[in-house]
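So this block is run_27.cif, mmCIF, C-alpha atoms (C1' of nucleotides):
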data_my_file
loop_
_atom_site.label_atom_id
_atom_site.label_comp_id
_atom_site.auth_asym_id
_atom_site.auth_seq_id
_atom_site.Cartn_x
_atom_site.Cartn_y
_atom_site.Cartn_z
CA MET A 1 101.24 124.27 55.24
CA ARG A 2 97.70 124.34 53.95
CA ALA A 3 95.17 126.30 55.97
CA ASP A 4 93.03 123.29 56.87
CA ALA A 5 96.12 121.38 57.99
CA GLN A 6 97.13 124.26 60.22
CA ARG A 7 93.68 124.44 61.72
CA ASN A 8 93.51 120.73 62.39
CA ARG A 9 96.93 120.75 63.97
CA GLU A 10 95.83 123.41 66.42
CA ARG A 11 92.59 121.65 67.17
CA LEU A 12 94.49 118.46 67.90
CA ILE A 13 96.86 120.17 70.29
CA GLU A 14 93.98 121.80 72.10
CA ALA A 15 92.06 118.52 72.35
CA ALA A 16 95.15 116.65 73.52
CA ARG A 17 95.78 119.21 76.24
CA GLU A 18 92.24 118.68 77.50
CA VAL A 19 92.25 114.91 77.29
CA PHE A 20 95.67 114.48 78.86
CA ARG A 21 94.75 116.74 81.72
CA GLU A 22 91.56 114.79 82.32
CA GLN A 23 92.84 111.27 81.82
CA GLY A 24 96.60 111.37 82.16
CA TYR A 25 99.37 110.59 79.76
CA ASP A 26 97.94 107.20 78.84
CA ALA A 27 94.67 108.47 77.43
CA SER A 28 93.50 107.04 74.12
CA LEU A 29 94.74 108.93 71.07
CA ASP A 30 91.61 108.01 69.15
CA GLU A 31 89.75 109.91 71.85
CA VAL A 32 91.96 112.92 71.16
CA ALA A 33 91.20 112.69 67.44
CA LYS A 34 87.50 112.34 68.10
CA ARG A 35 87.48 115.30 70.47
CA ALA A 36 89.27 117.37 67.85
CA GLY A 37 86.72 116.29 65.26
CA VAL A 38 89.24 114.69 62.89
CA GLY A 39 90.06 111.15 61.80
CA ALA A 40 92.73 109.03 63.40
CA GLY A 41 94.83 109.25 60.23
CA THR A 42 94.99 113.00 60.53
CA LEU A 43 96.22 112.78 64.08
CA TYR A 44 98.96 110.30 63.23
CA ARG A 45 100.06 112.27 60.17
CA HIS A 46 100.59 115.39 62.25
CA PHE A 47 101.98 113.58 65.28
CA PRO A 48 103.52 110.21 64.46
CA SER A 49 103.84 109.27 68.10
CA ARG A 50 102.44 110.16 71.47
CA ASP A 51 105.71 111.80 72.39
CA VAL A 52 105.70 114.14 69.41
CA LEU A 53 102.22 115.24 70.41
CA MET A 54 103.41 115.82 73.96
CA ASP A 55 106.25 117.87 72.61
CA ALA A 56 103.83 120.17 70.82
CA ILE A 57 101.68 120.55 73.91
CA MET A 58 104.69 121.49 75.95
CA GLN A 59 105.69 124.53 73.92
CA SER A 60 103.89 126.94 76.19
CA TRP A 61 105.10 125.03 79.21
CA VAL A 62 108.70 125.96 78.43
CA ASP A 63 107.91 129.64 78.86
CA ARG A 64 106.17 128.88 82.09
CA VAL A 65 109.23 127.06 83.42
CA ASN A 66 111.47 130.01 82.74
CA ASP A 67 109.05 132.50 84.25
CA SER A 68 108.77 130.36 87.35
CA ALA A 69 112.53 130.26 87.80
CA ASP A 70 112.70 134.04 87.42
CA LYS A 71 110.04 134.47 90.04
CA VAL A 72 111.74 132.16 92.53
CA LEU A 73 115.14 133.76 92.03
CA VAL A 74 114.01 137.30 92.88
CA HIS A 75 113.26 136.17 96.42
CA GLU A 76 116.10 137.33 98.62
CA GLY A 77 116.77 135.47 101.81
CA ASP A 78 117.59 132.15 103.37
CA PRO A 79 119.09 129.66 100.89
CA ARG A 80 116.93 126.91 102.37
CA ASP A 81 113.78 128.87 101.61
CA LEU A 82 114.97 129.55 98.10
CA LEU A 83 115.76 125.91 97.47
CA LEU A 84 112.47 124.71 98.90
CA ALA A 85 110.54 127.29 96.92
CA TRP A 86 112.17 125.97 93.76
CA PHE A 87 111.48 122.38 94.69
CA GLU A 88 107.80 123.06 95.21
CA THR A 89 107.60 125.00 91.99
CA TYR A 90 109.39 122.19 90.21
CA VAL A 91 106.97 119.58 91.49
CA GLY A 92 104.06 121.74 90.38
CA LEU A 93 105.50 122.19 86.90
CA ILE A 94 106.04 118.52 86.21
CA SER A 95 102.80 117.36 87.81
CA LEU A 96 100.41 119.10 85.43
CA HIS A 97 99.07 115.77 84.31
CA LYS A 98 99.10 112.25 85.60
CA GLY A 99 102.21 110.37 84.60
CA GLY A 100 104.00 113.65 83.93
CA PRO A 101 106.64 113.38 86.66
CA ALA A 102 107.90 109.97 85.55
CA LYS A 103 107.71 110.91 81.87
CA ILE A 104 109.57 114.17 82.21
CA THR A 105 112.19 112.94 84.63
CA SER A 106 113.10 110.00 82.45
CA ALA A 107 113.07 112.08 79.26
CA MET A 108 115.59 114.49 80.74
CA GLY A 109 118.46 112.11 80.18
CA ASP A 110 117.19 110.30 77.12
CA LYS A 111 118.73 111.52 73.87
CA ASN A 112 116.10 109.66 71.86
CA SER A 113 113.10 111.24 73.52
CA PRO A 114 111.35 113.87 71.41
CA ILE A 115 110.55 115.86 74.53
CA MET A 116 114.12 115.77 75.74
CA THR A 117 114.91 119.35 74.66
CA LYS A 118 111.84 120.62 76.48
CA CYS A 119 112.91 118.84 79.61
CA GLN A 120 116.37 120.31 79.34
CA THR A 121 114.72 123.65 79.96
CA LEU A 122 113.86 122.41 83.40
CA ALA A 123 117.42 121.26 83.96
CA ALA A 124 118.70 124.65 82.85
CA ALA A 125 116.34 126.47 85.20
CA THR A 126 117.50 124.24 88.02
CA GLN A 127 121.08 125.03 87.10
CA ARG A 128 120.29 128.73 87.59
CA VAL A 129 119.17 127.98 91.11
CA VAL A 130 122.28 125.89 91.73
CA ASP A 131 124.50 128.71 90.47
CA ARG A 132 122.87 131.20 92.79
CA LEU A 133 123.32 128.91 95.80
CA GLU A 134 126.92 128.23 94.90
CA GLU A 135 127.63 131.95 94.76
CA GLU A 136 126.43 132.07 98.33
CA HIS A 137 128.49 128.97 99.19
CA ALA A 138 125.33 127.40 100.53
CA LEU A 139 125.59 124.07 98.68
CA ARG A 140 127.71 121.09 99.64
CA GLU A 141 130.45 119.98 97.29
CA GLN A 142 129.54 117.76 94.38
CA ILE A 143 125.90 118.63 94.27
CA GLU A 144 124.76 118.87 90.66
CA ALA A 145 121.58 120.17 89.08
CA VAL A 146 120.88 116.81 87.48
CA GLN A 147 120.82 115.19 90.90
CA MET A 148 118.32 117.73 92.12
CA CYS A 149 116.13 117.00 89.15
CA ARG A 150 116.27 113.29 89.78
CA LEU A 151 115.58 113.53 93.49
CA VAL A 152 112.77 116.03 93.21
CA GLY A 153 111.42 114.25 90.14
CA GLY A 154 111.41 111.04 92.15
CA VAL A 155 109.40 112.64 94.92
CA ALA A 156 106.97 114.04 92.37
CA ALA A 157 106.60 110.63 90.74
CA VAL A 158 105.80 109.00 94.05
CA ALA A 159 103.37 111.77 94.94
CA ASP A 160 101.72 111.37 91.55
CA ASN A 161 101.28 107.62 91.94
CA SER A 162 100.13 107.77 95.54
CA ASN A 163 98.02 110.92 95.29
CA LEU A 164 99.99 112.66 98.03
CA ASP A 165 99.00 116.22 98.84
CA GLN A 166 101.32 119.14 99.29
CA ALA A 167 101.49 118.67 103.06
CA ALA A 168 102.87 115.17 102.61
CA ILE A 169 105.34 116.24 99.95
CA ARG A 170 106.83 119.11 101.92
CA PRO A 171 108.80 117.07 104.49
CA LEU A 172 110.27 114.94 101.71
CA LEU A 173 111.53 118.02 99.95
CA GLU A 174 112.95 119.29 103.24
CA VAL A 175 115.00 116.13 103.63
CA ILE A 176 116.44 116.62 100.17
CA ALA A 177 117.17 120.29 100.80
CA ASP A 178 118.86 119.55 104.12
CA GLY A 179 120.95 116.88 102.47
CA MET A 180 122.20 119.35 99.89
CA LEU A 181 122.82 122.48 101.92
CA VAL A 182 125.92 123.00 104.04
CA MET B 1 91.33 72.85 95.71
CA ARG B 2 91.46 70.19 93.02
CA ALA B 3 94.86 68.75 92.23
CA ASP B 4 94.92 69.97 88.63
CA ALA B 5 93.92 73.45 89.77
CA GLN B 6 96.77 73.49 92.25
CA ARG B 7 99.21 72.38 89.58
CA ASN B 8 98.05 75.02 87.11
CA ARG B 9 98.23 77.70 89.73
CA GLU B 10 101.85 76.88 90.40
CA ARG B 11 102.70 76.70 86.72
CA LEU B 12 101.16 80.11 86.21
CA ILE B 13 103.15 81.68 89.02
CA GLU B 14 106.34 80.18 87.67
CA ALA B 15 105.60 81.36 84.14
CA ALA B 16 104.66 84.83 85.36
CA ARG B 17 107.88 85.12 87.30
CA GLU B 18 109.82 84.35 84.13
CA VAL B 19 107.85 86.59 81.84
CA PHE B 20 107.80 89.55 84.20
CA ARG B 21 111.53 89.31 84.74
CA GLU B 22 112.12 89.21 81.00
CA GLN B 23 109.60 91.79 79.86
CA GLY B 24 108.71 93.90 82.88
CA TYR B 25 105.46 94.47 84.67
CA ASP B 26 103.57 95.30 81.47
CA ALA B 27 104.09 91.97 79.78
CA SER B 28 101.09 90.35 78.11
CA LEU B 29 99.09 88.07 80.40
CA ASP B 30 98.09 85.88 77.47
CA GLU B 31 101.81 85.28 77.03
CA VAL B 32 101.99 84.16 80.65
CA ALA B 33 99.10 81.75 80.09
CA LYS B 34 100.68 80.41 76.91
CA ARG B 35 104.03 79.91 78.61
CA ALA B 36 102.29 78.05 81.44
CA GLY B 37 100.51 75.88 78.89
CA VAL B 38 96.98 76.84 79.99
CA GLY B 39 94.15 78.86 78.49
CA ALA B 40 93.56 82.51 79.20
CA GLY B 41 90.41 81.66 81.13
CA THR B 42 92.38 79.55 83.56
CA LEU B 43 94.77 82.40 84.22
CA TYR B 44 92.00 84.90 84.88
CA ARG B 45 90.08 82.48 87.10
CA HIS B 46 93.09 81.99 89.34
CA PHE B 47 94.24 85.60 89.18
CA PRO B 48 91.45 88.04 88.35
CA SER B 49 93.88 90.90 87.87
CA ARG B 50 97.51 91.54 87.18
CA ASP B 51 97.95 92.74 90.75
CA VAL B 52 96.66 89.54 92.28
CA LEU B 53 99.15 87.62 90.19
CA MET B 54 101.93 89.93 91.34
CA ASP B 55 100.89 89.33 94.90
CA ALA B 56 101.33 85.59 94.46
CA ILE B 57 104.74 86.03 92.87
CA MET B 58 105.86 88.15 95.75
CA GLN B 59 105.40 85.55 98.47
CA SER B 60 109.04 84.49 98.44
CA TRP B 61 110.09 88.09 98.15
CA VAL B 62 108.71 88.85 101.60
CA ASP B 63 111.15 86.43 103.19
CA ARG B 64 113.94 87.96 101.24
CA VAL B 65 113.06 91.43 102.54
CA ASN B 66 113.21 90.30 106.13
CA ASP B 67 116.48 88.46 105.65
CA SER B 68 118.00 91.51 104.04
CA ALA B 69 117.01 93.73 106.94
CA ASP B 70 118.51 91.23 109.39
CA LYS B 71 121.72 91.21 107.44
CA VAL B 72 121.99 95.00 107.33
CA LEU B 73 121.21 95.41 111.02
CA VAL B 74 124.03 93.14 112.25
CA HIS B 75 126.56 95.61 110.86
CA GLU B 76 127.89 97.63 113.74
CA GLY B 77 129.29 101.05 113.07
CA ASP B 78 128.63 104.46 111.61
CA PRO B 79 124.90 105.24 111.37
CA ARG B 80 125.46 106.79 107.95
CA ASP B 81 126.90 103.53 106.64
CA LEU B 82 124.03 101.58 108.12
CA LEU B 83 121.46 103.87 106.58
CA LEU B 84 123.13 103.84 103.17
CA ALA B 85 123.49 100.08 103.26
CA TRP B 86 119.77 99.79 103.87
CA PHE B 87 118.96 102.26 101.11
CA GLU B 88 120.99 100.32 98.59
CA THR B 89 119.44 97.06 99.70
CA TYR B 90 116.02 98.64 99.48
CA VAL B 91 116.58 99.83 95.93
CA GLY B 92 117.77 96.36 94.97
CA LEU B 93 114.73 94.69 96.50
CA ILE B 94 112.17 96.83 94.72
CA SER B 95 113.98 96.90 91.39
CA LEU B 96 113.77 93.19 90.64
CA HIS B 97 111.72 93.92 87.58
CA LYS B 98 110.98 96.91 85.43
CA GLY B 99 108.18 99.03 86.78
CA GLY B 100 108.65 97.49 90.22
CA PRO B 101 109.77 100.61 92.08
CA ALA B 102 106.78 102.71 91.04
CA LYS B 103 104.38 99.81 91.58
CA ILE B 104 105.62 98.91 95.02
CA THR B 105 106.03 102.44 96.29
CA SER B 106 102.52 103.42 95.31
CA ALA B 107 101.02 100.19 96.65
CA MET B 108 102.52 100.84 100.07
CA GLY B 109 99.92 103.42 100.94
CA ASP B 110 97.01 102.08 98.93
CA LYS B 111 94.50 100.13 100.98
CA ASN B 112 92.88 98.79 97.81
CA SER B 113 96.00 97.30 96.32
CA PRO B 114 96.23 93.52 96.55
CA ILE B 115 99.98 93.75 97.05
CA MET B 116 99.67 96.29 99.83
CA THR B 117 100.29 93.82 102.63
CA LYS B 118 103.44 92.59 100.92
CA CYS B 119 104.68 96.12 100.61
CA GLN B 120 104.00 96.74 104.27
CA THR B 121 106.72 94.21 104.95
CA LEU B 122 109.15 96.63 103.41
CA ALA B 123 107.80 99.46 105.53
CA ALA B 124 108.15 97.32 108.62
CA ALA B 125 111.74 96.43 107.76
CA THR B 126 112.49 100.08 107.24
CA GLN B 127 110.92 100.82 110.61
CA ARG B 128 113.40 98.42 112.22
CA VAL B 129 116.23 100.45 110.74
CA VAL B 130 114.63 103.66 111.93
CA ASP B 131 114.24 102.26 115.44
CA ARG B 132 117.88 101.30 115.58
CA LEU B 133 118.99 104.75 114.45
CA GLU B 134 116.70 106.44 116.94
CA GLU B 135 118.20 104.38 119.74
CA GLU B 136 121.52 105.85 118.76
CA HIS B 137 119.97 109.33 118.52
CA ALA B 138 121.32 109.54 115.01
CA LEU B 139 118.12 110.63 113.24
CA ARG B 140 116.68 114.12 113.08
CA GLU B 141 113.31 114.78 114.66
CA GLN B 142 110.20 113.95 112.72
CA ILE B 143 111.78 111.50 110.33
CA GLU B 144 109.43 108.63 109.69
CA ALA B 145 109.91 105.29 107.99
CA VAL B 146 107.21 106.06 105.45
CA GLN B 147 109.15 109.10 104.32
CA MET B 148 112.25 107.01 103.82
CA CYS B 149 110.27 104.58 101.73
CA ARG B 150 108.90 107.34 99.58
CA LEU B 151 112.20 109.09 99.05
CA VAL B 152 114.19 105.97 98.34
CA GLY B 153 111.33 104.56 96.29
CA GLY B 154 111.33 107.75 94.27
CA VAL B 155 115.03 107.43 93.56
CA ALA B 156 114.53 103.80 92.54
CA ALA B 157 111.67 104.76 90.26
CA VAL B 158 113.76 107.38 88.51
CA ALA B 159 116.68 104.99 88.22
CA ASP B 160 114.37 102.37 86.78
CA ASN B 161 112.96 104.71 84.15
CA SER B 162 116.30 106.24 83.20
CA ASN B 163 118.39 103.08 83.45
CA LEU B 164 120.75 104.63 85.96
CA ASP B 165 123.51 102.41 87.30
CA GLN B 166 124.52 102.01 90.91
CA ALA B 167 127.22 104.66 90.64
CA ALA B 168 124.65 107.27 89.63
CA ILE B 169 122.21 106.21 92.33
CA ARG B 170 124.69 106.35 95.19
CA PRO B 171 125.05 110.16 95.44
CA LEU B 172 121.27 110.53 95.41
CA LEU B 173 120.98 108.18 98.34
CA GLU B 174 123.73 110.07 100.12
CA VAL B 175 121.75 113.29 99.85
CA ILE B 176 118.74 111.62 101.40
CA ALA B 177 120.82 110.08 104.17
CA ASP B 178 122.51 113.38 104.96
CA GLY B 179 119.16 115.10 105.06
CA MET B 180 117.89 112.63 107.64
CA LEU B 181 120.86 112.22 109.97
CA VAL B 182 121.73 114.70 112.68
"C1'" DA C 1 84.42 49.91 90.01
"C1'" DC C 2 81.19 53.23 88.58
"C1'" DA C 3 78.06 56.83 88.30
"C1'" DA C 4 77.01 61.53 89.79
"C1'" DT C 5 78.44 66.03 90.64
"C1'" DA C 6 81.15 69.78 91.60
"C1'" DT C 7 85.09 71.87 89.90
"C1'" DA C 8 88.19 73.42 86.59
"C1'" DC C 9 89.64 73.86 81.83
"C1'" DG C 10 90.27 76.16 77.20
"C1'" DG C 11 89.89 79.15 73.68
"C1'" DA C 12 86.66 81.71 70.78
"C1'" DG C 13 85.23 86.15 70.75
"C1'" DA C 14 83.75 90.93 72.42
"C1'" DC C 15 85.92 95.04 73.35
"C1'" DA C 16 89.58 98.58 73.41
"C1'" DC C 17 93.66 100.84 71.67
"C1'" DT C 18 97.34 101.75 68.22
"C1'" DC C 19 98.68 102.74 63.84
"C1'" DT C 20 98.47 102.26 58.52
"C1'" DC C 21 96.74 102.35 53.99
"C1'" DC C 22 94.41 104.17 50.35
"C1'" DG C 23 90.27 106.08 48.07
"C1'" DT C 24 88.18 110.66 48.48
"C1'" DT C 25 88.08 115.58 49.19
"C1'" DT C 26 89.80 120.22 49.12
"C1'" DG C 27 92.77 124.40 49.29
"C1'" DG C 28 95.49 127.27 46.53
"C1'" DC C 29 97.73 128.51 42.37
"C1'" DA C 30 98.05 129.45 37.26
"C1'" DT D 1 87.88 127.95 36.33
"C1'" DG D 2 90.45 123.74 36.35
"C1'" DC D 3 94.12 121.17 37.99
"C1'" DC D 4 96.68 118.48 41.40
"C1'" DA D 5 99.52 118.21 45.40
"C1'" DA D 6 98.30 118.17 49.94
"C1'" DA D 7 95.41 116.74 53.40
"C1'" DC D 8 91.52 114.16 55.02
"C1'" DG D 9 89.01 110.21 57.23
"C1'" DG D 10 87.87 105.92 58.60
"C1'" DA D 11 87.98 100.94 57.72
"C1'" DG D 12 90.71 97.44 59.20
"C1'" DA D 13 94.97 94.77 60.68
"C1'" DG D 14 97.56 93.82 64.69
"C1'" DT D 15 97.80 93.24 69.62
"C1'" DG D 16 96.33 92.92 74.39
"C1'" DT D 17 92.58 92.31 78.08
"C1'" DC D 18 89.08 89.79 79.99
"C1'" DT D 19 84.56 86.89 79.80
"C1'" DC D 20 81.52 83.28 78.73
"C1'" DC D 21 80.12 78.82 78.34
"C1'" DG D 22 80.48 74.14 76.31
"C1'" DT D 23 83.64 70.47 77.48
"C1'" DA D 24 86.58 67.66 80.37
"C1'" DT D 25 88.06 65.69 84.66
"C1'" DA D 26 88.95 65.10 89.76
"C1'" DT D 27 86.55 63.64 93.64
"C1'" DT D 28 82.99 61.57 96.36
"C1'" DG D 29 79.52 58.28 97.69
"C1'" DT D 30 77.80 53.75 96.95
#

Produce structure tokens that represent the structure in this file.
Amino acid sequence: MRADAQRNRERLIEAAREVFREQGYDASLDEVAKRAGVGAGTLYRHFPSRDVLMDAIMQSWVDRVNDSADKVLVHEGDPRDLLLAWFETYVGLISLHKGGPAKITSAMGDKNSPIMTKCQTLAAATQRVVDRLEEEHALREQIEAVQMCRLVGGVAAVADNSNLDQAAIRPLLEVIADGMLV
Amino acid sequence: MRADAQRNRERLIEAAREVFREQGYDASLDEVAKRAGVGAGTLYRHFPSRDVLMDAIMQSWVDRVNDSADKVLVHEGDPRDLLLAWFETYVGLISLHKGGPAKITSAMGDKNSPIMTKCQTLAAATQRVVDRLEEEHALREQIEAVQMCRLVGGVAAVADNSNLDQAAIRPLLEVIADGMLV
DNA sequence: ACAATATACGGAGACACTCTCCGTTTGGCA
DNA sequence: TGCCAAACGGAGAGTGTCTCCGTATATTGT
């Protein structure tokens, strides 16, 4: 790739990160191009769709997901605390910008979504938590990681739309945890 | 109101009902006007925003919500069955068109939303179910109707985005029910 | 029945966003 | 240095939202 192309690509990613954080997933892409100081054509050549751009933004996010799971799993103690700690972490990870929870949760099962592989990272991290809890025989039968993702993703989506704060989210997560633990 | 205005208003509501069912909540409003056989100006005069139009569409829906709650509450028996029956009914009621679950769930707590009062009907119906379960001492402490609405609304939103079928939704609702019952 | 008037209508058009096309510019290699 | 593939940029087509205002019509009073 030519040097100028490389530079513009990075500028675009940086600008998109800013704009999406400020204005949510629906922000204007022309605004992203303008903020990066390039033409609209350049943006669309590098990133043919909004989703492809999202995918690029989310590279660093993948590492963050894995680190977060590591951090939660070192906590020894009550399975309920472990599960709730993961749920809260999970909500935080998918709520980095407006519209994120719905986007990520629906992409997780959509083979055609360009960000699907990134979202699978989240599913895999959740699976690690499930494995740990199963070792301790703390989970009910038939509870799967994908169900956790959907339930917690659903709570995050509602919280995102209704601007709920952490205090309002907590009891919802507790219901889910209690419904999953023996 | 003038007779022609009344007639156009009704035509618009009918057209909107059709178009929203076919194309989801994001359908073009000009398309609604065209289908109703009126100009765009007429649509926007009657319904200044998409939400106000939704509100009008939802009039008949309110009756349906109350009927559904009546129907669920006559079932005698296991509290878990009652709760799950309501959850499934609830999901059905808010999933009548694409985007409905997210829209309705977020409107329920938003004083500025024109459809808020309609959504309160759902909250009230859910409260009736909660009251019944509390009479039977079947619910855990501190479980509120609004939390049910958020959790079940979250599941419906995820199902809506990911095109989940009823079989996939059921276990999610079971987790929520189990987390709420004693 | 017939103005007079308030009310409502329609659709052109301003504005915003997405995405493409193609003439122009530029980085990198021989 | 000179060439040209690669990359750029932005005008503009397509689509949707919403407003404005000249035109049309329902209603009311006589």

Neighbour residues at most 10 Å from (106.8, 95.2, 93.1) (only C-alpha atoms (C1' of nucleotides)) as a list in words | Tyr25, Asp51, Met54, Asp55, Ile57, Met58, Trp61, Leu93, Ile94, Ser95, Leu96, His97, Lys98, Gly99, Gly100, Pro101, Ala102, Lys103, Ile104, Thr105, Ser106, Ala107, Met108, Ile115, Met116, Lys118 and Cys119 of chain B

Contact residues (chain C, partner chain A, 12 Å, all atoms listed in the file) as a PyMOL selection string = chain C and resi 16-22+25-28

Output of the PyMOL selection byres ((chain D) within 12 of (chain A)), listed as a list in words | DA5, DA6, DA7, DC8, DG9, DG10 and DA11 of chain D

So what do you get for CA of Gln147 (chain A) versus CA of Leu84 (chain A), distance-wise?
-> 15.0 Å

For the PyMOL selection byres ((chain A) within 8 of (chain B)), applied here, can you spell out every residue it catches as a PDB file with C-alpha atoms, keeping the file's coordinate frame?
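expr.pdb was written with the following content:
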ATOM      1  CA  ALA A 102     107.900 109.970  85.550  1.00  0.00           C
ATOM      2  CA  THR A 105     112.190 112.940  84.630  1.00  0.00           C
ATOM      3  CA  SER A 106     113.100 110.000  82.450  1.00  0.00           C
ATOM      4  CA  ALA A 107     113.070 112.080  79.260  1.00  0.00           C
ATOM      5  CA  GLY A 109     118.460 112.110  80.180  1.00  0.00           C
ATOM      6  CA  ASP A 110     117.190 110.300  77.120  1.00  0.00           C
ATOM      7  CA  GLN A 147     120.820 115.190  90.900  1.00  0.00           C
ATOM      8  CA  ARG A 150     116.270 113.290  89.780  1.00  0.00           C
ATOM      9  CA  LEU A 151     115.580 113.530  93.490  1.00  0.00           C
ATOM     10  CA  GLY A 153     111.420 114.250  90.140  1.00  0.00           C
ATOM     11  CA  GLY A 154     111.410 111.040  92.150  1.00  0.00           C
ATOM     12  CA  VAL A 155     109.400 112.640  94.920  1.00  0.00           C
ATOM     13  CA  ALA A 156     106.970 114.040  92.370  1.00  0.00           C
ATOM     14  CA  ALA A 157     106.600 110.630  90.740  1.00  0.00           C
ATOM     15  CA  VAL A 158     105.800 109.000  94.050  1.00  0.00           C
ATOM     16  CA  ASN A 161     101.280 107.620  91.940  1.00  0.00           C
ATOM     17  CA  SER A 162     100.130 107.770  95.540  1.00  0.00           C
ATOM     18  CA  PRO A 171     108.800 117.070 104.490  1.00  0.00           C
ATOM     19  CA  LEU A 172     110.270 114.940 101.710  1.00  0.00           C
ATOM     20  CA  GLU A 174     112.950 119.290 103.240  1.00  0.00           C
ATOM     21  CA  VAL A 175     115.000 116.130 103.630  1.00  0.00           C
ATOM     22  CA  ILE A 176     116.440 116.620 100.170  1.00  0.00           C
ATOM     23  CA  ALA A 177     117.170 120.290 100.800  1.00  0.00           C
ATOM     24  CA  ASP A 178     118.860 119.550 104.120  1.00  0.00           C
ATOM     25  CA  GLY A 179     120.950 116.880 102.470  1.00  0.00           C
ATOM     26  CA  MET A 180     122.200 119.350  99.890  1.00  0.00           C
TER      27      MET A 180
END

Expected selection from the PyMOL selection byres ((chain C and resi 7) around 8), given as a PyMOL selection string = (chain B and resi 2) or (chain C and resi 6+8) or (chain D and resi 26)

Those same residues - C-alpha atoms (C1' of nucleotides) - I'd like them written as a PDB file, keeping the file's coordinate frame.
ATOM      1  CA  ARG B   2      91.460  70.190  93.020  1.00  0.00           C
TER       2      ARG B   2
ATOM      3  C1'  DA C   6      81.150  69.780  91.600  1.00  0.00           C
ATOM      4  C1'  DA C   8      88.190  73.420  86.590  1.00  0.00           C
TER       5       DA C   8
ATOM      6  C1'  DA D  26      88.950  65.100  89.760  1.00  0.00           C
TER       7       DA D  26
END

To one decimal in Å, tell me the separation between C1' of DA12 (chain C) and CA of Ala36 (chain B).
->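 Going from C1' of DA12 (chain C) over to CA of Ala36 (chain B), I get 19.3 Å.
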
Do you have the CA of Gly37 (chain A)-CA of Glu14 (chain A) distance handy?
-> 11.4 Å

All residues 12 Å or closer to DT23 (chain D), all atoms listed in the file, same chain fewer than 5 positions away omitted, as a ChimeraX atom specification = /C:8-11

Step by step: start from the point (83.1, 86.4, 72.6) in the file's coordinates, keep every protein, DNA or RNA residue that has an atom no farther than 8 Å from it, count all atoms listed in the file, and write the set as a ChimeraX atom specification.
-> /C:12-14 /D:19-20

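Nearest to Arg132 (chain A) of all the residues A:Ser68, A:Val91, A:Val182, A:Pro79 is A:Pro79, counting all atoms listed in the file.
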
Would you mind completing region 147-159 of chain B so that it carries N, CA and C atoms, and writing it out as a short mmCIF file (atom, residue, chain, number, x, y, z; two decimals), in the frame of the given file?
data_model
loop_
_atom_site.label_atom_id
_atom_site.label_comp_id
_atom_site.auth_asym_id
_atom_site.auth_seq_id
_atom_site.Cartn_x
_atom_site.Cartn_y
_atom_site.Cartn_z
N GLN B 147 108.47 108.10 105.15
CA GLN B 147 109.15 109.10 104.32
C GLN B 147 110.40 108.53 103.67
N MET B 148 111.09 107.70 104.42
CA MET B 148 112.25 107.01 103.82
C MET B 148 111.81 106.20 102.63
N CYS B 149 110.74 105.44 102.82
CA CYS B 149 110.27 104.58 101.73
C CYS B 149 109.93 105.40 100.51
N ARG B 150 109.29 106.52 100.73
CA ARG B 150 108.90 107.34 99.58
C ARG B 150 110.10 107.94 98.89
N LEU B 151 111.02 108.46 99.67
CA LEU B 151 112.20 109.09 99.05
C LEU B 151 113.05 108.07 98.31
N VAL B 152 113.34 106.97 98.98
CA VAL B 152 114.19 105.97 98.34
C VAL B 152 113.44 105.30 97.19
N GLY B 153 112.15 105.10 97.38
CA GLY B 153 111.33 104.56 96.29
C GLY B 153 111.32 105.49 95.09
N GLY B 154 111.28 106.77 95.36
CA GLY B 154 111.33 107.75 94.27
C GLY B 154 112.63 107.66 93.50
N VAL B 155 113.72 107.57 94.22
CA VAL B 155 115.03 107.43 93.56
C VAL B 155 115.05 106.15 92.71
N ALA B 156 114.54 105.07 93.28
CA ALA B 156 114.53 103.80 92.54
C ALA B 156 113.67 103.90 91.29
N ALA B 157 112.55 104.62 91.41
CA ALA B 157 111.67 104.76 90.26
C ALA B 157 112.36 105.53 89.13
N VAL B 158 113.04 106.60 89.51
CA VAL B 158 113.76 107.38 88.51
C VAL B 158 114.87 106.54 87.88
N ALA B 159 115.59 105.82 88.72
CA ALA B 159 116.68 104.99 88.22
C ALA B 159 116.15 103.93 87.27
#
